[in-house]
$ cat target33.cif   # mmCIF, N, CA and C atoms
data_upload
#
loop_
_atom_site.label_atom_id
_atom_site.label_comp_id
_atom_site.auth_asym_id
_atom_site.auth_seq_id
_atom_site.Cartn_x
_atom_site.Cartn_y
_atom_site.Cartn_z
N MET C 21 -14.03 41.94 -54.40
CA MET C 21 -12.75 41.39 -54.82
C MET C 21 -11.71 41.68 -53.73
N PRO C 22 -10.93 40.68 -53.29
CA PRO C 22 -9.98 40.90 -52.21
C PRO C 22 -8.80 41.75 -52.67
N ALA C 23 -8.30 42.54 -51.76
CA ALA C 23 -7.13 43.37 -52.06
C ALA C 23 -5.89 42.48 -52.08
N HIS C 24 -4.99 42.73 -53.02
CA HIS C 24 -3.76 41.96 -53.11
C HIS C 24 -2.69 42.61 -52.26
N SER C 25 -1.97 41.79 -51.54
CA SER C 25 -0.87 42.30 -50.72
C SER C 25 0.34 41.40 -50.93
N ALA C 26 1.42 41.77 -50.28
CA ALA C 26 2.64 40.97 -50.40
C ALA C 26 2.45 39.59 -49.79
N ASN C 27 1.54 39.45 -48.83
CA ASN C 27 1.32 38.17 -48.18
C ASN C 27 0.32 37.29 -48.92
N ALA C 28 -0.24 37.78 -50.01
CA ALA C 28 -1.25 37.01 -50.74
C ALA C 28 -0.66 35.76 -51.37
N ASN C 29 0.56 35.83 -51.84
CA ASN C 29 1.21 34.68 -52.48
C ASN C 29 2.56 34.43 -51.83
N PRO C 30 2.60 33.71 -50.71
CA PRO C 30 3.90 33.43 -50.09
C PRO C 30 4.74 32.55 -51.00
N PRO C 31 6.06 32.65 -50.90
CA PRO C 31 6.92 31.84 -51.76
C PRO C 31 6.70 30.36 -51.51
N GLN C 32 6.60 29.60 -52.58
CA GLN C 32 6.41 28.16 -52.47
C GLN C 32 7.76 27.48 -52.31
N ARG C 33 7.72 26.30 -51.76
CA ARG C 33 8.97 25.58 -51.51
C ARG C 33 9.67 25.20 -52.81
N ASP C 34 8.93 24.73 -53.79
CA ASP C 34 9.53 24.32 -55.06
C ASP C 34 8.89 25.13 -56.19
N ASP C 35 9.38 26.35 -56.37
CA ASP C 35 8.81 27.23 -57.38
C ASP C 35 9.65 27.30 -58.65
N GLY C 36 10.65 26.44 -58.77
CA GLY C 36 11.46 26.39 -59.98
C GLY C 36 12.74 27.20 -59.91
N THR C 37 12.97 27.88 -58.79
CA THR C 37 14.18 28.71 -58.67
C THR C 37 15.44 27.85 -58.75
N ARG C 38 15.43 26.75 -58.03
CA ARG C 38 16.61 25.86 -58.03
C ARG C 38 16.91 25.33 -59.42
N GLN C 39 15.87 24.96 -60.15
CA GLN C 39 16.05 24.44 -61.50
C GLN C 39 16.59 25.52 -62.44
N LEU C 40 16.08 26.75 -62.30
CA LEU C 40 16.60 27.84 -63.13
C LEU C 40 18.08 28.09 -62.85
N LEU C 41 18.46 28.07 -61.59
CA LEU C 41 19.86 28.28 -61.24
C LEU C 41 20.73 27.14 -61.75
N GLN C 42 20.27 25.90 -61.59
CA GLN C 42 21.06 24.75 -62.05
C GLN C 42 21.22 24.75 -63.57
N TRP C 43 20.10 24.85 -64.28
CA TRP C 43 20.16 24.77 -65.74
C TRP C 43 20.83 25.99 -66.34
N GLY C 44 20.58 27.16 -65.77
CA GLY C 44 21.23 28.36 -66.28
C GLY C 44 22.73 28.28 -66.15
N SER C 45 23.22 27.86 -64.99
CA SER C 45 24.66 27.75 -64.82
C SER C 45 25.25 26.63 -65.67
N THR C 46 24.53 25.52 -65.82
CA THR C 46 25.03 24.43 -66.65
C THR C 46 25.14 24.85 -68.11
N ILE C 47 24.13 25.52 -68.63
CA ILE C 47 24.15 25.96 -70.02
C ILE C 47 25.21 27.02 -70.23
N LEU C 48 25.34 27.95 -69.29
CA LEU C 48 26.36 28.99 -69.40
C LEU C 48 27.77 28.39 -69.39
N VAL C 49 28.02 27.47 -68.48
CA VAL C 49 29.34 26.82 -68.42
C VAL C 49 29.61 26.02 -69.69
N SER C 50 28.59 25.37 -70.24
CA SER C 50 28.76 24.63 -71.50
C SER C 50 29.16 25.57 -72.64
N GLY C 51 28.54 26.72 -72.70
CA GLY C 51 28.88 27.70 -73.73
C GLY C 51 30.29 28.24 -73.58
N ILE C 52 30.66 28.53 -72.34
CA ILE C 52 32.02 29.02 -72.09
C ILE C 52 33.04 27.95 -72.43
N LEU C 53 32.75 26.71 -72.06
CA LEU C 53 33.65 25.59 -72.38
C LEU C 53 33.79 25.42 -73.90
N ALA C 54 32.68 25.53 -74.63
CA ALA C 54 32.74 25.42 -76.10
C ALA C 54 33.58 26.55 -76.68
N GLY C 55 33.44 27.74 -76.14
CA GLY C 55 34.26 28.86 -76.61
C GLY C 55 35.74 28.66 -76.32
N LEU C 56 36.05 28.17 -75.13
CA LEU C 56 37.45 27.90 -74.80
C LEU C 56 38.04 26.80 -75.67
N LEU C 57 37.25 25.76 -75.92
CA LEU C 57 37.72 24.69 -76.82
C LEU C 57 37.95 25.22 -78.22
N LEU C 58 37.08 26.10 -78.68
CA LEU C 58 37.25 26.69 -79.99
C LEU C 58 38.57 27.46 -80.08
N LEU C 59 38.86 28.22 -79.05
CA LEU C 59 40.08 29.03 -79.07
C LEU C 59 41.35 28.21 -78.90
N THR C 60 41.29 27.10 -78.15
CA THR C 60 42.51 26.36 -77.84
C THR C 60 42.74 25.13 -78.71
N LEU C 61 41.74 24.28 -78.89
CA LEU C 61 41.95 23.00 -79.55
C LEU C 61 41.35 22.88 -80.95
N LEU C 62 40.37 23.72 -81.26
CA LEU C 62 39.63 23.52 -82.51
C LEU C 62 40.00 24.52 -83.61
N GLY C 63 41.16 25.09 -83.53
CA GLY C 63 41.66 25.91 -84.63
C GLY C 63 41.35 27.39 -84.55
N GLY C 64 40.65 27.84 -83.54
CA GLY C 64 40.36 29.26 -83.40
C GLY C 64 39.38 29.76 -84.46
N PHE C 65 39.29 31.08 -84.58
CA PHE C 65 38.40 31.66 -85.58
C PHE C 65 38.99 32.96 -86.09
N SER C 66 38.52 33.36 -87.23
CA SER C 66 38.97 34.60 -87.88
C SER C 66 37.74 35.47 -88.12
N PRO C 67 37.91 36.63 -88.74
CA PRO C 67 36.74 37.47 -89.04
C PRO C 67 35.71 36.78 -89.94
N THR C 68 36.13 35.75 -90.67
CA THR C 68 35.19 35.05 -91.54
C THR C 68 34.58 33.82 -90.89
N GLY C 69 34.98 33.50 -89.66
CA GLY C 69 34.39 32.36 -88.96
C GLY C 69 35.43 31.41 -88.44
N ALA C 70 34.97 30.23 -88.06
CA ALA C 70 35.86 29.21 -87.51
C ALA C 70 36.70 28.58 -88.61
N SER C 71 37.79 27.94 -88.19
CA SER C 71 38.72 27.35 -89.15
C SER C 71 38.38 25.92 -89.53
N THR C 72 37.70 25.19 -88.67
CA THR C 72 37.39 23.79 -88.92
C THR C 72 35.89 23.55 -88.76
N ASN C 73 35.44 22.39 -89.20
CA ASN C 73 34.03 22.04 -89.05
C ASN C 73 33.63 21.92 -87.58
N THR C 74 34.48 21.27 -86.78
CA THR C 74 34.16 21.18 -85.35
C THR C 74 34.26 22.55 -84.68
N GLY C 75 35.11 23.39 -85.21
CA GLY C 75 35.19 24.76 -84.71
C GLY C 75 33.89 25.51 -84.95
N TRP C 76 33.29 25.31 -86.13
CA TRP C 76 31.99 25.94 -86.41
C TRP C 76 30.93 25.45 -85.43
N PHE C 77 30.94 24.15 -85.16
CA PHE C 77 29.98 23.60 -84.21
C PHE C 77 30.17 24.21 -82.82
N ALA C 78 31.43 24.32 -82.38
CA ALA C 78 31.72 24.92 -81.08
C ALA C 78 31.31 26.39 -81.06
N LEU C 79 31.50 27.09 -82.16
CA LEU C 79 31.10 28.50 -82.25
C LEU C 79 29.59 28.64 -82.13
N ILE C 80 28.87 27.79 -82.82
CA ILE C 80 27.40 27.82 -82.75
C ILE C 80 26.92 27.51 -81.33
N VAL C 81 27.52 26.49 -80.70
CA VAL C 81 27.14 26.14 -79.33
C VAL C 81 27.43 27.30 -78.38
N ALA C 82 28.61 27.90 -78.51
CA ALA C 82 28.98 29.01 -77.63
C ALA C 82 28.06 30.20 -77.82
N LEU C 83 27.78 30.55 -79.08
CA LEU C 83 26.95 31.72 -79.34
C LEU C 83 25.48 31.49 -79.02
N THR C 84 25.09 30.25 -78.82
CA THR C 84 23.73 29.95 -78.40
C THR C 84 23.64 29.82 -76.89
N CYS C 85 24.57 29.09 -76.31
CA CYS C 85 24.48 28.77 -74.88
C CYS C 85 24.83 29.95 -73.98
N ILE C 86 25.77 30.77 -74.37
CA ILE C 86 26.19 31.86 -73.47
C ILE C 86 25.05 32.86 -73.23
N PRO C 87 24.38 33.38 -74.27
CA PRO C 87 23.28 34.31 -73.97
C PRO C 87 22.09 33.63 -73.28
N PHE C 88 21.70 32.44 -73.74
CA PHE C 88 20.55 31.76 -73.15
C PHE C 88 20.83 31.37 -71.71
N GLY C 89 22.01 30.82 -71.45
CA GLY C 89 22.38 30.46 -70.08
C GLY C 89 22.45 31.67 -69.17
N SER C 90 22.94 32.79 -69.70
CA SER C 90 23.00 34.01 -68.90
C SER C 90 21.61 34.49 -68.53
N LEU C 91 20.68 34.43 -69.48
CA LEU C 91 19.30 34.85 -69.20
C LEU C 91 18.64 33.94 -68.17
N LEU C 92 18.82 32.63 -68.31
CA LEU C 92 18.24 31.70 -67.33
C LEU C 92 18.85 31.92 -65.95
N LEU C 93 20.16 32.07 -65.90
CA LEU C 93 20.83 32.27 -64.62
C LEU C 93 20.39 33.60 -64.00
N GLY C 94 20.27 34.64 -64.80
CA GLY C 94 19.81 35.93 -64.29
C GLY C 94 18.39 35.84 -63.74
N LEU C 95 17.52 35.12 -64.43
CA LEU C 95 16.16 34.95 -63.95
C LEU C 95 16.15 34.16 -62.64
N GLY C 96 16.97 33.12 -62.56
CA GLY C 96 17.05 32.34 -61.32
C GLY C 96 17.56 33.16 -60.16
N VAL C 97 18.56 34.01 -60.39
CA VAL C 97 19.09 34.87 -59.33
C VAL C 97 18.03 35.88 -58.91
N ALA C 98 17.31 36.44 -59.87
CA ALA C 98 16.25 37.40 -59.53
C ALA C 98 15.16 36.74 -58.70
N LYS C 99 14.77 35.52 -59.07
CA LYS C 99 13.75 34.80 -58.29
C LYS C 99 14.26 34.46 -56.90
N TRP C 100 15.54 34.11 -56.80
CA TRP C 100 16.13 33.79 -55.50
C TRP C 100 16.10 35.01 -54.59
N PHE C 101 16.49 36.19 -55.12
CA PHE C 101 16.43 37.42 -54.33
C PHE C 101 15.00 37.76 -53.94
N ARG C 102 14.07 37.58 -54.85
CA ARG C 102 12.66 37.86 -54.56
C ARG C 102 12.14 36.95 -53.46
N ASN C 103 12.47 35.65 -53.55
CA ASN C 103 12.03 34.71 -52.52
C ASN C 103 12.64 35.05 -51.16
N ARG C 104 13.90 35.48 -51.16
CA ARG C 104 14.54 35.89 -49.91
C ARG C 104 13.84 37.10 -49.31
N ARG C 105 13.53 38.06 -50.17
CA ARG C 105 12.85 39.28 -49.71
C ARG C 105 11.46 38.95 -49.16
N LEU C 106 10.72 38.10 -49.87
CA LEU C 106 9.39 37.72 -49.40
C LEU C 106 9.46 36.93 -48.10
N ALA C 107 10.42 36.04 -47.97
CA ALA C 107 10.56 35.25 -46.75
C ALA C 107 10.89 36.15 -45.57
N ARG C 108 11.74 37.15 -45.78
CA ARG C 108 12.07 38.09 -44.72
C ARG C 108 10.88 38.95 -44.36
N HIS C 109 10.10 39.31 -45.37
CA HIS C 109 8.93 40.16 -45.14
C HIS C 109 7.84 39.43 -44.36
N LEU C 110 7.75 38.12 -44.53
CA LEU C 110 6.70 37.33 -43.87
C LEU C 110 7.03 37.05 -42.41
N GLN C 111 8.28 37.18 -42.02
CA GLN C 111 8.66 36.86 -40.64
C GLN C 111 8.22 37.90 -39.66
#
$ encode --input "target33.cif" --output "structure tokens"
Amino acid sequence: MPAHSANANPPQRDDGTRQLLQWGSTILVSGILAGLLLLTLLGGFSPTGASTNTGWFALIVALTCIPFGSLLLGLGVAKWFRNRRLARHLQ
């Protein structure tokens, strides 16, 4: 069985890093925008929830998109740093 090294799997040109960065940032920005709309135009929220039906929708979108987008963006950044490190190591 061959020994595994850092050079065994060089970074591929299209390994999904760009897509993770694009979609992660898009989803995160969508969640932040929904939260800002909730606070400014859709009636805000209280300890019991949003004030309007569209406010509830914006709250659900914000509370879903912000964590998921952050995780995707974090994974994309980690892959980007890893690819940079591997590319530097191969030179």
$ closest_residue --input "target33.cif" --among "C:Leu59, C:Val81, C:Ala70, C:Val97" --to "Leu41 of chain C" --atoms "only C-alpha atoms"
C:Val97
$ resolve_selection --input "target33.cif" --expression "the PyMOL selection byres ((chain C and resi 55) around 7)" --output "number ranges by chain"
C: 50-54, 56-60, 78-79, 81-83
$ resolve_selection --input "target33.cif" --expression "the PyMOL selection byres ((chain C and resi 45) around 8)" --output "list of chain:residue names"
C:Gln39, C:Leu40, C:Leu41, C:Gln42, C:Trp43, C:Gly44, C:Thr46, C:Ile47, C:Leu48, C:Val49, C:Ser50, C:Gly51, C:Phe88, C:Gly89, C:Ser90, C:Leu92, C:Leu93, C:Gly94
$ select_by_dssp --input "target33.cif" --residues "chain C" --states "strand (DSSP E)" --output "PyMOL selection string"
chain C and resi 65-66+69-70
$ atom_distance --input "target33.cif" --atom1 "atom CA of Ile86 of chain C" --atom2 "atom N of Asn103 of chain C"
24.5 Å
$ closest_residue --input "target33.cif" --among "C:Gly96, C:Gly75, C:Pro87, C:Gly63" --to "Arg38 of chain C" --atoms "only N, CA and C atoms"
C:Gly96
$ atom_distance --input "target33.cif" --atom1 "atom C of Asp34 of chain C" --atom2 "atom CA of Lys99 of chain C"
11.0 Å
$ atom_distance --input "target33.cif" --atom1 "atom CA of Thr74 of chain C" --atom2 "atom CA of Leu61 of chain C"
9.9 Å
$ closest_residue --input "target33.cif" --among "C:Gly36, C:Trp100, C:Leu95, C:Gly64" --to "Phe77 of chain C" --atoms "only C-alpha atoms"
C:Gly64
$ select_by_dssp --input "target33.cif" --residues "chain C" --states "alpha helix (DSSP H)" --output "mmCIF file with N, CA and C atoms, in the coordinates of the input"
data_model
loop_
_atom_site.group_PDB
_atom_site.id
_atom_site.type_symbol
_atom_site.label_atom_id
_atom_site.label_comp_id
_atom_site.auth_asym_id
_atom_site.auth_seq_id
_atom_site.Cartn_x
_atom_site.Cartn_y
_atom_site.Cartn_z
ATOM 1 N N THR C 37 12.970 27.880 -58.790
ATOM 2 C CA THR C 37 14.180 28.710 -58.670
ATOM 3 C C THR C 37 15.440 27.850 -58.750
ATOM 4 N N ARG C 38 15.430 26.750 -58.030
ATOM 5 C CA ARG C 38 16.610 25.860 -58.030
ATOM 6 C C ARG C 38 16.910 25.330 -59.420
ATOM 7 N N GLN C 39 15.870 24.960 -60.150
ATOM 8 C CA GLN C 39 16.050 24.440 -61.500
ATOM 9 C C GLN C 39 16.590 25.520 -62.440
ATOM 10 N N LEU C 40 16.080 26.750 -62.300
ATOM 11 C CA LEU C 40 16.600 27.840 -63.130
ATOM 12 C C LEU C 40 18.080 28.090 -62.850
ATOM 13 N N LEU C 41 18.460 28.070 -61.590
ATOM 14 C CA LEU C 41 19.860 28.280 -61.240
ATOM 15 C C LEU C 41 20.730 27.140 -61.750
ATOM 16 N N GLN C 42 20.270 25.900 -61.590
ATOM 17 C CA GLN C 42 21.060 24.750 -62.050
ATOM 18 C C GLN C 42 21.220 24.750 -63.570
ATOM 19 N N TRP C 43 20.100 24.850 -64.280
ATOM 20 C CA TRP C 43 20.160 24.770 -65.740
ATOM 21 C C TRP C 43 20.830 25.990 -66.340
ATOM 22 N N GLY C 44 20.580 27.160 -65.770
ATOM 23 C CA GLY C 44 21.230 28.360 -66.280
ATOM 24 C C GLY C 44 22.730 28.280 -66.150
ATOM 25 N N SER C 45 23.220 27.860 -64.990
ATOM 26 C CA SER C 45 24.660 27.750 -64.820
ATOM 27 C C SER C 45 25.250 26.630 -65.670
ATOM 28 N N THR C 46 24.530 25.520 -65.820
ATOM 29 C CA THR C 46 25.030 24.430 -66.650
ATOM 30 C C THR C 46 25.140 24.850 -68.110
ATOM 31 N N ILE C 47 24.130 25.520 -68.630
ATOM 32 C CA ILE C 47 24.150 25.960 -70.020
ATOM 33 C C ILE C 47 25.210 27.020 -70.230
ATOM 34 N N LEU C 48 25.340 27.950 -69.290
ATOM 35 C CA LEU C 48 26.360 28.990 -69.400
ATOM 36 C C LEU C 48 27.770 28.390 -69.390
ATOM 37 N N VAL C 49 28.020 27.470 -68.480
ATOM 38 C CA VAL C 49 29.340 26.820 -68.420
ATOM 39 C C VAL C 49 29.610 26.020 -69.690
ATOM 40 N N SER C 50 28.590 25.370 -70.240
ATOM 41 C CA SER C 50 28.760 24.630 -71.500
ATOM 42 C C SER C 50 29.160 25.570 -72.640
ATOM 43 N N GLY C 51 28.540 26.720 -72.700
ATOM 44 C CA GLY C 51 28.880 27.700 -73.730
ATOM 45 C C GLY C 51 30.290 28.240 -73.580
ATOM 46 N N ILE C 52 30.660 28.530 -72.340
ATOM 47 C CA ILE C 52 32.020 29.020 -72.090
ATOM 48 C C ILE C 52 33.040 27.950 -72.430
ATOM 49 N N LEU C 53 32.750 26.710 -72.060
ATOM 50 C CA LEU C 53 33.650 25.590 -72.380
ATOM 51 C C LEU C 53 33.790 25.420 -73.900
ATOM 52 N N ALA C 54 32.680 25.530 -74.630
ATOM 53 C CA ALA C 54 32.740 25.420 -76.100
ATOM 54 C C ALA C 54 33.580 26.550 -76.680
ATOM 55 N N GLY C 55 33.440 27.740 -76.140
ATOM 56 C CA GLY C 55 34.260 28.860 -76.610
ATOM 57 C C GLY C 55 35.740 28.660 -76.320
ATOM 58 N N LEU C 56 36.050 28.170 -75.130
ATOM 59 C CA LEU C 56 37.450 27.900 -74.800
ATOM 60 C C LEU C 56 38.040 26.800 -75.670
ATOM 61 N N LEU C 57 37.250 25.760 -75.920
ATOM 62 C CA LEU C 57 37.720 24.690 -76.820
ATOM 63 C C LEU C 57 37.950 25.220 -78.220
ATOM 64 N N LEU C 58 37.080 26.100 -78.680
ATOM 65 C CA LEU C 58 37.250 26.690 -79.990
ATOM 66 C C LEU C 58 38.570 27.460 -80.080
ATOM 67 N N LEU C 59 38.860 28.220 -79.050
ATOM 68 C CA LEU C 59 40.080 29.030 -79.070
ATOM 69 C C LEU C 59 41.350 28.210 -78.900
ATOM 70 N N THR C 60 41.290 27.100 -78.150
ATOM 71 C CA THR C 60 42.510 26.360 -77.840
ATOM 72 C C THR C 60 42.740 25.130 -78.710
ATOM 73 N N ASN C 73 35.440 22.390 -89.200
ATOM 74 C CA ASN C 73 34.030 22.040 -89.050
ATOM 75 C C ASN C 73 33.630 21.920 -87.580
ATOM 76 N N THR C 74 34.480 21.270 -86.780
ATOM 77 C CA THR C 74 34.160 21.180 -85.350
ATOM 78 C C THR C 74 34.260 22.550 -84.680
ATOM 79 N N GLY C 75 35.110 23.390 -85.210
ATOM 80 C CA GLY C 75 35.190 24.760 -84.710
ATOM 81 C C GLY C 75 33.890 25.510 -84.950
ATOM 82 N N TRP C 76 33.290 25.310 -86.130
ATOM 83 C CA TRP C 76 31.990 25.940 -86.410
ATOM 84 C C TRP C 76 30.930 25.450 -85.430
ATOM 85 N N PHE C 77 30.940 24.150 -85.160
ATOM 86 C CA PHE C 77 29.980 23.600 -84.210
ATOM 87 C C PHE C 77 30.170 24.210 -82.820
ATOM 88 N N ALA C 78 31.430 24.320 -82.380
ATOM 89 C CA ALA C 78 31.720 24.920 -81.080
ATOM 90 C C ALA C 78 31.310 26.390 -81.060
ATOM 91 N N LEU C 79 31.500 27.090 -82.160
ATOM 92 C CA LEU C 79 31.100 28.500 -82.250
ATOM 93 C C LEU C 79 29.590 28.640 -82.130
ATOM 94 N N ILE C 80 28.870 27.790 -82.820
ATOM 95 C CA ILE C 80 27.400 27.820 -82.750
ATOM 96 C C ILE C 80 26.920 27.510 -81.330
ATOM 97 N N VAL C 81 27.520 26.490 -80.700
ATOM 98 C CA VAL C 81 27.140 26.140 -79.330
ATOM 99 C C VAL C 81 27.430 27.300 -78.380
ATOM 100 N N ALA C 82 28.610 27.900 -78.510
ATOM 101 C CA ALA C 82 28.980 29.010 -77.630
ATOM 102 C C ALA C 82 28.060 30.200 -77.820
ATOM 103 N N LEU C 83 27.780 30.550 -79.080
ATOM 104 C CA LEU C 83 26.950 31.720 -79.340
ATOM 105 C C LEU C 83 25.480 31.490 -79.020
ATOM 106 N N THR C 84 25.090 30.250 -78.820
ATOM 107 C CA THR C 84 23.730 29.950 -78.400
ATOM 108 C C THR C 84 23.640 29.820 -76.890
ATOM 109 N N CYS C 85 24.570 29.090 -76.310
ATOM 110 C CA CYS C 85 24.480 28.770 -74.880
ATOM 111 C C CYS C 85 24.830 29.950 -73.980
ATOM 112 N N ILE C 86 25.770 30.770 -74.370
ATOM 113 C CA ILE C 86 26.190 31.860 -73.470
ATOM 114 C C ILE C 86 25.050 32.860 -73.230
ATOM 115 N N PRO C 87 24.380 33.380 -74.270
ATOM 116 C CA PRO C 87 23.280 34.310 -73.970
ATOM 117 C C PRO C 87 22.090 33.630 -73.280
ATOM 118 N N PHE C 88 21.700 32.440 -73.740
ATOM 119 C CA PHE C 88 20.550 31.760 -73.150
ATOM 120 C C PHE C 88 20.830 31.370 -71.710
ATOM 121 N N GLY C 89 22.010 30.820 -71.450
ATOM 122 C CA GLY C 89 22.380 30.460 -70.080
ATOM 123 C C GLY C 89 22.450 31.670 -69.170
ATOM 124 N N SER C 90 22.940 32.790 -69.700
ATOM 125 C CA SER C 90 23.000 34.010 -68.900
ATOM 126 C C SER C 90 21.610 34.490 -68.530
ATOM 127 N N LEU C 91 20.680 34.430 -69.480
ATOM 128 C CA LEU C 91 19.300 34.850 -69.200
ATOM 129 C C LEU C 91 18.640 33.940 -68.170
ATOM 130 N N LEU C 92 18.820 32.630 -68.310
ATOM 131 C CA LEU C 92 18.240 31.700 -67.330
ATOM 132 C C LEU C 92 18.850 31.920 -65.950
ATOM 133 N N LEU C 93 20.160 32.070 -65.900
ATOM 134 C CA LEU C 93 20.830 32.270 -64.620
ATOM 135 C C LEU C 93 20.390 33.600 -64.000
ATOM 136 N N GLY C 94 20.270 34.640 -64.800
ATOM 137 C CA GLY C 94 19.810 35.930 -64.290
ATOM 138 C C GLY C 94 18.390 35.840 -63.740
ATOM 139 N N LEU C 95 17.520 35.120 -64.430
ATOM 140 C CA LEU C 95 16.160 34.950 -63.950
ATOM 141 C C LEU C 95 16.150 34.160 -62.640
ATOM 142 N N GLY C 96 16.970 33.120 -62.560
ATOM 143 C CA GLY C 96 17.050 32.340 -61.320
ATOM 144 C C GLY C 96 17.560 33.160 -60.160
ATOM 145 N N VAL C 97 18.560 34.010 -60.390
ATOM 146 C CA VAL C 97 19.090 34.870 -59.330
ATOM 147 C C VAL C 97 18.030 35.880 -58.910
ATOM 148 N N ALA C 98 17.310 36.440 -59.870
ATOM 149 C CA ALA C 98 16.250 37.400 -59.530
ATOM 150 C C ALA C 98 15.160 36.740 -58.700
ATOM 151 N N LYS C 99 14.770 35.520 -59.070
ATOM 152 C CA LYS C 99 13.750 34.800 -58.290
ATOM 153 C C LYS C 99 14.260 34.460 -56.900
ATOM 154 N N TRP C 100 15.540 34.110 -56.800
ATOM 155 C CA TRP C 100 16.130 33.790 -55.500
ATOM 156 C C TRP C 100 16.100 35.010 -54.590
ATOM 157 N N PHE C 101 16.490 36.190 -55.120
ATOM 158 C CA PHE C 101 16.430 37.420 -54.330
ATOM 159 C C PHE C 101 15.000 37.760 -53.940
ATOM 160 N N ARG C 102 14.070 37.580 -54.850
ATOM 161 C CA ARG C 102 12.660 37.860 -54.560
ATOM 162 C C ARG C 102 12.140 36.950 -53.460
ATOM 163 N N ASN C 103 12.470 35.650 -53.550
ATOM 164 C CA ASN C 103 12.030 34.710 -52.520
ATOM 165 C C ASN C 103 12.640 35.050 -51.160
ATOM 166 N N ARG C 104 13.900 35.480 -51.160
ATOM 167 C CA ARG C 104 14.540 35.890 -49.910
ATOM 168 C C ARG C 104 13.840 37.100 -49.310
ATOM 169 N N ARG C 105 13.530 38.060 -50.170
ATOM 170 C CA ARG C 105 12.850 39.280 -49.710
ATOM 171 C C ARG C 105 11.460 38.950 -49.160
ATOM 172 N N LEU C 106 10.720 38.100 -49.870
ATOM 173 C CA LEU C 106 9.390 37.720 -49.400
ATOM 174 C C LEU C 106 9.460 36.930 -48.100
ATOM 175 N N ALA C 107 10.420 36.040 -47.970
ATOM 176 C CA ALA C 107 10.560 35.250 -46.750
ATOM 177 C C ALA C 107 10.890 36.150 -45.570
ATOM 178 N N ARG C 108 11.740 37.150 -45.780
ATOM 179 C CA ARG C 108 12.070 38.090 -44.720
ATOM 180 C C ARG C 108 10.880 38.950 -44.360
ATOM 181 N N HIS C 109 10.100 39.310 -45.370
ATOM 182 C CA HIS C 109 8.930 40.160 -45.140
ATOM 183 C C HIS C 109 7.840 39.430 -44.360
ATOM 184 N N LEU C 110 7.750 38.120 -44.530
ATOM 185 C CA LEU C 110 6.700 37.330 -43.870
ATOM 186 C C LEU C 110 7.030 37.050 -42.410
#
$ decode --input "target33.cif" --residues "segment 98-111 of chain C" --atoms "N, CA and C atoms" --output "PDB file, in the first residue's frame"
ATOM      1  N   ALA C  98     -11.978  28.065   4.739  1.00  0.00           N
ATOM      2  CA  ALA C  98     -11.037  27.028   5.179  1.00  0.00           C
ATOM      3  C   ALA C  98     -10.460  26.269   3.991  1.00  0.00           C
ATOM      4  N   LYS C  99     -11.301  25.938   3.008  1.00  0.00           N
ATOM      5  CA  LYS C  99     -10.812  25.247   1.810  1.00  0.00           C
ATOM      6  C   LYS C  99      -9.879  26.141   1.007  1.00  0.00           C
ATOM      7  N   TRP C 100     -10.180  27.433   0.951  1.00  0.00           N
ATOM      8  CA  TRP C 100      -9.335  28.374   0.224  1.00  0.00           C
ATOM      9  C   TRP C 100      -7.947  28.440   0.863  1.00  0.00           C
ATOM     10  N   PHE C 101      -7.899  28.544   2.208  1.00  0.00           N
ATOM     11  CA  PHE C 101      -6.611  28.555   2.906  1.00  0.00           C
ATOM     12  C   PHE C 101      -5.865  27.241   2.711  1.00  0.00           C
ATOM     13  N   ARG C 102      -6.569  26.133   2.748  1.00  0.00           N
ATOM     14  CA  ARG C 102      -5.932  24.828   2.549  1.00  0.00           C
ATOM     15  C   ARG C 102      -5.346  24.725   1.144  1.00  0.00           C
ATOM     16  N   ASN C 103      -6.117  25.159   0.143  1.00  0.00           N
ATOM     17  CA  ASN C 103      -5.622  25.114  -1.237  1.00  0.00           C
ATOM     18  C   ASN C 103      -4.396  26.011  -1.415  1.00  0.00           C
ATOM     19  N   ARG C 104      -4.401  27.173  -0.759  1.00  0.00           N
ATOM     20  CA  ARG C 104      -3.245  28.070  -0.815  1.00  0.00           C
ATOM     21  C   ARG C 104      -2.022  27.417  -0.199  1.00  0.00           C
ATOM     22  N   ARG C 105      -2.235  26.778   0.953  1.00  0.00           N
ATOM     23  CA  ARG C 105      -1.122  26.110   1.645  1.00  0.00           C
ATOM     24  C   ARG C 105      -0.574  24.963   0.800  1.00  0.00           C
ATOM     25  N   LEU C 106      -1.466  24.167   0.219  1.00  0.00           N
ATOM     26  CA  LEU C 106      -1.017  23.057  -0.618  1.00  0.00           C
ATOM     27  C   LEU C 106      -0.306  23.550  -1.876  1.00  0.00           C
ATOM     28  N   ALA C 107      -0.797  24.602  -2.478  1.00  0.00           N
ATOM     29  CA  ALA C 107      -0.164  25.142  -3.680  1.00  0.00           C
ATOM     30  C   ALA C 107       1.223  25.668  -3.360  1.00  0.00           C
ATOM     31  N   ARG C 108       1.388  26.316  -2.206  1.00  0.00           N
ATOM     32  CA  ARG C 108       2.695  26.802  -1.792  1.00  0.00           C
ATOM     33  C   ARG C 108       3.630  25.658  -1.473  1.00  0.00           C
ATOM     34  N   HIS C 109       3.084  24.600  -0.891  1.00  0.00           N
ATOM     35  CA  HIS C 109       3.896  23.444  -0.521  1.00  0.00           C
ATOM     36  C   HIS C 109       4.398  22.689  -1.744  1.00  0.00           C
ATOM     37  N   LEU C 110       3.626  22.701  -2.829  1.00  0.00           N
ATOM     38  CA  LEU C 110       3.992  21.963  -4.036  1.00  0.00           C
ATOM     39  C   LEU C 110       5.046  22.691  -4.863  1.00  0.00           C
ATOM     40  N   GLN C 111       5.222  23.978  -4.637  1.00  0.00           N
ATOM     41  CA  GLN C 111       6.181  24.740  -5.453  1.00  0.00           C
ATOM     42  C   GLN C 111       7.602  24.445  -5.089  1.00  0.00           C
TER      43      GLN C 111
END
